[in-house]
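Step one of this worksheet: look at the structure below.
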Amino acid sequence: AWPPKEVEYKSLYLRPRHKLSAEPEPMGSEHAAPDGFYQAPLTVTDKVEILSWSTPAFEEVTEMIGTGAAHIFAEIVQPDTNFILRLWDYAPDGKRQLITTGYLKASHRELDERTTEGNPYHPHTRAVPVEPGLIEEYVVRLYPFANTLKPGHKLTVELSNGEPLADEHNALLPPGAFHLPVGRPVTHKIYRDAAHRSRLVLPFTARPA
């Protein structure tokens with residue numbers, strides 16, 4: 001069986017000042033202005049721009065097992081982009097461990113009837129270009145994972161439209177394992193206000209007795 005334990009899907013909301021919180025943002029976009037990043041094509045730069053949001057340090061042992069999802073409300077200035085997410089477990093000494101990843105091409109954002117809470121399905125039967133300047137919700141599937149966060153550890157989610165060419169995770173990947181980058185400059189605005197509740201939906205197990 002998967003997951004091997006009973007889980008409850010809970011949301012962690014993206015908040016201003018790069019915070020992840022169990023409580024949604026109460027203010028509108030006029031006060032909780034969107035985060036954003038501009039990604040130049042890799043023909044121009046090797047730098048991959050990354051946005052991140054983190055929880056406070058966990059006070060209790062916290063276990064997650066199963067699939068997950070990221071609901072990202074975004075506005076882009078091109079007909080397409082990539083949404084690449086990486087979920088990290090940060091120890092108090094700053095060391096980090098990759099928990100899981102998620103990938104979605106914006107033009108393949110359509111969902112089908114198999115989608116459930118925390119477990120989206122994209123049929124990938126056609127490409128639907130994005131209308132530049134329109135805020136849309138993108139639901140990114142997070143690959144199945146299992147992780148236990150110890151007291152003092154933080155959960156961090158990173159968002160980019162490309163993969164860093166060299167870091168402690170990608171250095172382990174074989175040549176050719178990277179996703180194709182977007183070949184045009186793209187500005188992204190990530191909304192996480194009261195009307196656009198960008199969030200992670202994660203499978204938490206019951207706390208041990």
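Following the order of the structure tokens, chains are lettered A, B, ..., residues in each are numbered from 1, and ligands are numbered from 1.
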
Excluding A:Ile76 and residues on its chain fewer than 3 positions from it, collect all residues at most 9 Å away from it, counting only C-alpha atoms, and give them as a PyMOL selection string. chain A and resi 79-81+130-135+186-190

Write out, as a tab-separated table (two decimals), in the first residue's frame, the residues just selected, with N, CA, C and O atoms.
```
chain	number	residue	atom	x	y	z
A	79	PRO	N	4.18	33.08	-23.55
A	79	PRO	CA	3.16	32.03	-23.67
A	79	PRO	C	3.49	30.75	-22.90
A	79	PRO	O	2.65	29.86	-22.80
A	80	ASP	N	4.72	30.64	-22.38
A	80	ASP	CA	5.10	29.41	-21.70
A	80	ASP	C	6.29	29.66	-20.78
A	80	ASP	O	7.04	30.62	-20.95
A	81	THR	N	6.41	28.78	-19.78
A	81	THR	CA	7.58	28.76	-18.91
A	81	THR	C	7.59	27.40	-18.22
A	81	THR	O	6.70	26.57	-18.43
A	130	VAL	N	-0.13	30.06	-22.62
A	130	VAL	CA	-0.57	30.94	-21.55
A	130	VAL	C	-0.83	32.33	-22.13
A	130	VAL	O	-0.08	32.80	-23.00
A	131	GLU	N	-1.87	32.99	-21.65
A	131	GLU	CA	-2.12	34.38	-22.04
A	131	GLU	C	-1.22	35.27	-21.20
A	131	GLU	O	-1.39	35.34	-19.98
A	132	PRO	N	-0.22	35.93	-21.81
A	132	PRO	CA	0.69	36.78	-21.04
A	132	PRO	C	-0.07	37.84	-20.24
A	132	PRO	O	-1.01	38.45	-20.74
A	133	GLY	N	0.33	38.01	-18.98
A	133	GLY	CA	-0.29	39.00	-18.12
A	133	GLY	C	-1.49	38.52	-17.35
A	133	GLY	O	-2.02	39.26	-16.51
A	134	LEU	N	-1.93	37.28	-17.59
A	134	LEU	CA	-3.08	36.73	-16.88
A	134	LEU	C	-2.61	35.91	-15.69
A	134	LEU	O	-1.69	35.09	-15.81
A	135	ILE	N	-3.22	36.13	-14.52
A	135	ILE	CA	-2.89	35.33	-13.34
A	135	ILE	C	-3.61	33.99	-13.45
A	135	ILE	O	-4.83	33.94	-13.59
A	186	VAL	N	11.92	35.42	-19.39
A	186	VAL	CA	10.58	35.36	-18.79
A	186	VAL	C	10.59	36.05	-17.43
A	186	VAL	O	11.44	35.77	-16.59
A	187	THR	N	9.64	36.96	-17.24
A	187	THR	CA	9.40	37.55	-15.93
A	187	THR	C	8.22	36.82	-15.29
A	187	THR	O	7.19	36.61	-15.93
A	188	HIS	N	8.40	36.42	-14.03
A	188	HIS	CA	7.36	35.70	-13.28
A	188	HIS	C	6.93	36.53	-12.09
A	188	HIS	O	7.78	37.06	-11.36
A	189	LYS	N	5.64	36.64	-11.88
A	189	LYS	CA	5.10	37.22	-10.64
A	189	LYS	C	4.34	36.12	-9.92
A	189	LYS	O	3.44	35.50	-10.50
A	190	ILE	N	4.70	35.87	-8.66
A	190	ILE	CA	4.09	34.81	-7.87
A	190	ILE	C	3.20	35.45	-6.82
A	190	ILE	O	3.68	36.13	-5.91
```

Neighbours of stretch 52-55 of chain A within 7 Å (only C-alpha atoms; same-chain residues fewer than 3 positions away dropped), as a PDB file with all heavy atoms, in the first residue's frame?
```pdb
ATOM      1  N   LEU A  14       2.254  30.047   1.052  1.00  0.00           N
ATOM      2  CA  LEU A  14       3.322  31.007   0.769  1.00  0.00           C
ATOM      3  C   LEU A  14       2.893  32.360   1.313  1.00  0.00           C
ATOM      4  O   LEU A  14       1.773  32.813   1.053  1.00  0.00           O
ATOM      5  CB  LEU A  14       3.580  31.097  -0.737  1.00  0.00           C
ATOM      6  CG  LEU A  14       4.476  30.036  -1.377  1.00  0.00           C
ATOM      7  CD1 LEU A  14       3.959  28.621  -1.132  1.00  0.00           C
ATOM      8  CD2 LEU A  14       4.610  30.309  -2.880  1.00  0.00           C
ATOM      9  N   HIS A  18       9.116  35.600   2.395  1.00  0.00           N
ATOM     10  CA  HIS A  18       9.653  34.259   2.130  1.00  0.00           C
ATOM     11  C   HIS A  18       9.325  33.271   3.237  1.00  0.00           C
ATOM     12  O   HIS A  18      10.133  32.416   3.593  1.00  0.00           O
ATOM     13  CB  HIS A  18      11.165  34.328   1.892  1.00  0.00           C
ATOM     14  CG  HIS A  18      11.529  35.229   0.759  1.00  0.00           C
ATOM     15  ND1 HIS A  18      11.409  34.848  -0.566  1.00  0.00           N
ATOM     16  CD2 HIS A  18      11.975  36.513   0.746  1.00  0.00           C
ATOM     17  CE1 HIS A  18      11.786  35.850  -1.341  1.00  0.00           C
ATOM     18  NE2 HIS A  18      12.125  36.875  -0.576  1.00  0.00           N
ATOM     19  N   LYS A  19       8.088  33.386   3.773  1.00  0.00           N
ATOM     20  CA  LYS A  19       7.673  32.499   4.849  1.00  0.00           C
ATOM     21  C   LYS A  19       6.648  31.484   4.351  1.00  0.00           C
ATOM     22  O   LYS A  19       5.842  31.768   3.470  1.00  0.00           O
ATOM     23  CB  LYS A  19       7.075  33.311   6.000  1.00  0.00           C
ATOM     24  CG  LYS A  19       8.078  34.214   6.709  1.00  0.00           C
ATOM     25  CD  LYS A  19       7.412  35.009   7.826  1.00  0.00           C
ATOM     26  CE  LYS A  19       8.421  35.919   8.526  1.00  0.00           C
ATOM     27  NZ  LYS A  19       7.771  36.719   9.609  1.00  0.00           N
ATOM     28  N   LEU A  20       6.696  30.280   4.949  1.00  0.00           N
ATOM     29  CA  LEU A  20       5.670  29.260   4.775  1.00  0.00           C
ATOM     30  C   LEU A  20       4.904  29.168   6.080  1.00  0.00           C
ATOM     31  O   LEU A  20       5.506  29.069   7.153  1.00  0.00           O
ATOM     32  CB  LEU A  20       6.301  27.899   4.474  1.00  0.00           C
ATOM     33  CG  LEU A  20       6.600  27.509   3.036  1.00  0.00           C
ATOM     34  CD1 LEU A  20       7.269  26.134   3.006  1.00  0.00           C
ATOM     35  CD2 LEU A  20       5.352  27.494   2.183  1.00  0.00           C
ATOM     36  N   SER A  21       3.572  29.160   6.005  1.00  0.00           N
ATOM     37  CA  SER A  21       2.777  29.192   7.219  1.00  0.00           C
ATOM     38  C   SER A  21       1.547  28.302   7.078  1.00  0.00           C
ATOM     39  O   SER A  21       1.002  28.135   5.981  1.00  0.00           O
ATOM     40  CB  SER A  21       2.326  30.624   7.528  1.00  0.00           C
ATOM     41  OG  SER A  21       1.425  30.667   8.614  1.00  0.00           O
ATOM     42  N   LYS A 154      13.825  23.012   9.467  1.00  0.00           N
ATOM     43  CA  LYS A 154      12.886  23.827   8.707  1.00  0.00           C
ATOM     44  C   LYS A 154      12.596  23.173   7.364  1.00  0.00           C
ATOM     45  O   LYS A 154      13.427  22.466   6.804  1.00  0.00           O
ATOM     46  CB  LYS A 154      13.455  25.237   8.471  1.00  0.00           C
ATOM     47  CG  LYS A 154      13.685  26.045   9.729  1.00  0.00           C
ATOM     48  CD  LYS A 154      14.248  27.424   9.393  1.00  0.00           C
ATOM     49  CE  LYS A 154      14.471  28.253  10.646  1.00  0.00           C
ATOM     50  NZ  LYS A 154      14.990  29.612  10.338  1.00  0.00           N
ATOM     51  N   LEU A 155      11.395  23.444   6.864  1.00  0.00           N
ATOM     52  CA  LEU A 155      11.008  23.000   5.532  1.00  0.00           C
ATOM     53  C   LEU A 155      11.085  24.192   4.595  1.00  0.00           C
ATOM     54  O   LEU A 155      10.515  25.253   4.884  1.00  0.00           O
ATOM     55  CB  LEU A 155       9.583  22.449   5.572  1.00  0.00           C
ATOM     56  CG  LEU A 155       9.029  21.842   4.281  1.00  0.00           C
ATOM     57  CD1 LEU A 155       9.766  20.561   3.934  1.00  0.00           C
ATOM     58  CD2 LEU A 155       7.530  21.574   4.428  1.00  0.00           C
ATOM     59  N   THR A 156      11.790  24.042   3.477  1.00  0.00           N
ATOM     60  CA  THR A 156      11.965  25.120   2.505  1.00  0.00           C
ATOM     61  C   THR A 156      11.542  24.633   1.126  1.00  0.00           C
ATOM     62  O   THR A 156      11.900  23.527   0.711  1.00  0.00           O
ATOM     63  CB  THR A 156      13.427  25.591   2.447  1.00  0.00           C
ATOM     64  OG1 THR A 156      13.795  26.170   3.697  1.00  0.00           O
ATOM     65  CG2 THR A 156      13.636  26.629   1.347  1.00  0.00           C
ATOM     66  N   VAL A 157      10.761  25.453   0.422  1.00  0.00           N
ATOM     67  CA  VAL A 157      10.431  25.154  -0.961  1.00  0.00           C
ATOM     68  C   VAL A 157      11.098  26.199  -1.849  1.00  0.00           C
ATOM     69  O   VAL A 157      11.095  27.391  -1.542  1.00  0.00           O
ATOM     70  CB  VAL A 157       8.897  25.138  -1.191  1.00  0.00           C
ATOM     71  CG1 VAL A 157       8.260  26.491  -0.894  1.00  0.00           C
ATOM     72  CG2 VAL A 157       8.578  24.718  -2.628  1.00  0.00           C
ATOM     73  N   GLU A 158      11.711  25.724  -2.916  1.00  0.00           N
ATOM     74  CA  GLU A 158      12.353  26.595  -3.904  1.00  0.00           C
ATOM     75  C   GLU A 158      11.579  26.520  -5.215  1.00  0.00           C
ATOM     76  O   GLU A 158      11.121  25.447  -5.617  1.00  0.00           O
ATOM     77  CB  GLU A 158      13.792  26.162  -4.162  1.00  0.00           C
ATOM     78  CG  GLU A 158      14.734  26.399  -3.005  1.00  0.00           C
ATOM     79  CD  GLU A 158      16.160  26.005  -3.341  1.00  0.00           C
ATOM     80  OE1 GLU A 158      16.368  25.254  -4.319  1.00  0.00           O
ATOM     81  OE2 GLU A 158      17.070  26.443  -2.611  1.00  0.00           O
ATOM     82  N   LEU A 159      11.467  27.662  -5.884  1.00  0.00           N
ATOM     83  CA  LEU A 159      10.783  27.752  -7.174  1.00  0.00           C
ATOM     84  C   LEU A 159      11.698  28.430  -8.175  1.00  0.00           C
ATOM     85  O   LEU A 159      12.289  29.474  -7.898  1.00  0.00           O
ATOM     86  CB  LEU A 159       9.483  28.545  -7.040  1.00  0.00           C
ATOM     87  CG  LEU A 159       8.737  28.871  -8.340  1.00  0.00           C
ATOM     88  CD1 LEU A 159       8.219  27.601  -9.006  1.00  0.00           C
ATOM     89  CD2 LEU A 159       7.591  29.840  -8.073  1.00  0.00           C
TER      90      LEU A 159
END
```

Using only C-alpha atoms, which of the listed residues (A:Ala22, A:Ile72, A:Ala1, A:Ala40) sits closest to A:Pro185?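 Using only C-alpha atoms, A:Pro185 sits closest to A:Ala40.
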
Tell me, as a list in words, which residues lie within 10 Å of A:Pro123, counting only C-alpha atoms; anything in the same chain fewer than 6 positions away does not count.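 So, after excluding close chain neighbours, the residues are His108, Arg109, Glu110, Leu111, Asp112, Glu113 and Arg114 of chain A.
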
Output the selection as a tab-separated table (two decimals), in the first residue's frame - C-alpha atoms for each residue.
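Here's the written file part_24.tsv:
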```
chain	number	residue	atom	x	y	z
A	108	HIS	CA	0.62	21.62	-19.90
A	109	ARG	CA	-1.24	22.91	-16.84
A	110	GLU	CA	-4.51	21.12	-17.65
A	111	LEU	CA	-5.73	18.63	-15.04
A	112	ASP	CA	-7.95	15.59	-15.57
A	113	GLU	CA	-10.59	13.71	-13.58
A	114	ARG	CA	-8.03	11.61	-11.69
```

Here is a test: counting only C-alpha atoms, which residue of A:Tyr121, A:Tyr191, A:Phe145, A:Tyr103 is nearest to A:Phe73? A:Tyr191

How many Å separate atom CA of A:Glu6 from atom CA of A:Leu142? 18.3 Å

Between A:Pro41, A:Gly162, A:Pro34, A:Pro203, which has the minimum distance to A:Lys105 (counting only C-alpha atoms)?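 When distances to A:Lys105 are compared using only C-alpha atoms, the smallest one comes from A:Gly162.
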
So which one's closest to A:Ile99, A:Ala127, A:Leu149, A:Leu200, A:Ala166? Using only C-alpha atoms, please.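 Closest to A:Ile99, using only C-alpha atoms: A:Leu149.
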
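Inside stretch 74-193 of chain A, the residues DSSP reads as helix (DSSP H, G or I) when given the backbone are Ala106, Ser107, His108, Asn170, Ala171 and Leu172 of chain A.
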
To one decimal place in Å, what is the distance between atom CA of A:Val61 and atom CA of A:His153?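 Between atom CA of A:Val61 and atom CA of A:His153 the gap works out to 9.3 Å.
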
Run DSSP on the backbone of this structure and report the residues of chain A it assigns to strand (DSSP E or B), as a count of residues only. 93

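Those residues that approach A:Ser198 to within 10 Å, counting only C-alpha atoms, are Ser11, Leu12, Tyr13, Leu14, Arg15, Pro24, Glu25, Ala70, His71, Ile72, Phe73, Ala74, Glu137, Tyr138, Val139, Ile190, Tyr191, Arg192, Asp193 and Ala194 of chain A; same-chain residues fewer than 4 positions away are not listed.
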
Taking C-alpha atoms for each residue, export the selection above as a PDB file, in the first residue's frame.
```pdb
ATOM      1  CA  SER A  11      -1.715  23.194   3.426  1.00  0.00           C
ATOM      2  CA  LEU A  12       1.328  25.361   4.009  1.00  0.00           C
ATOM      3  CA  TYR A  13       0.778  28.799   2.497  1.00  0.00           C
ATOM      4  CA  LEU A  14       3.322  31.007   0.769  1.00  0.00           C
ATOM      5  CA  ARG A  15       3.485  34.278   2.670  1.00  0.00           C
ATOM      6  CA  PRO A  24      -3.223  31.807   4.779  1.00  0.00           C
ATOM      7  CA  GLU A  25      -2.389  35.407   3.977  1.00  0.00           C
ATOM      8  CA  ALA A  70       2.035  22.937  -5.084  1.00  0.00           C
ATOM      9  CA  HIS A  71      -0.685  25.399  -6.081  1.00  0.00           C
ATOM     10  CA  ILE A  72       1.099  28.395  -7.584  1.00  0.00           C
ATOM     11  CA  PHE A  73      -0.787  31.506  -8.710  1.00  0.00           C
ATOM     12  CA  ALA A  74       1.462  33.159 -11.252  1.00  0.00           C
ATOM     13  CA  GLU A 137      -3.261  28.741 -10.984  1.00  0.00           C
ATOM     14  CA  TYR A 138      -0.660  26.087 -11.749  1.00  0.00           C
ATOM     15  CA  VAL A 139      -0.892  22.819  -9.809  1.00  0.00           C
ATOM     16  CA  ILE A 190       4.089  34.807  -7.868  1.00  0.00           C
ATOM     17  CA  TYR A 191       0.917  35.869  -6.064  1.00  0.00           C
ATOM     18  CA  ARG A 192       0.260  34.702  -2.496  1.00  0.00           C
ATOM     19  CA  ASP A 193      -2.419  37.023  -1.134  1.00  0.00           C
ATOM     20  CA  ALA A 194      -5.948  36.536   0.211  1.00  0.00           C
TER      21      ALA A 194
END
```
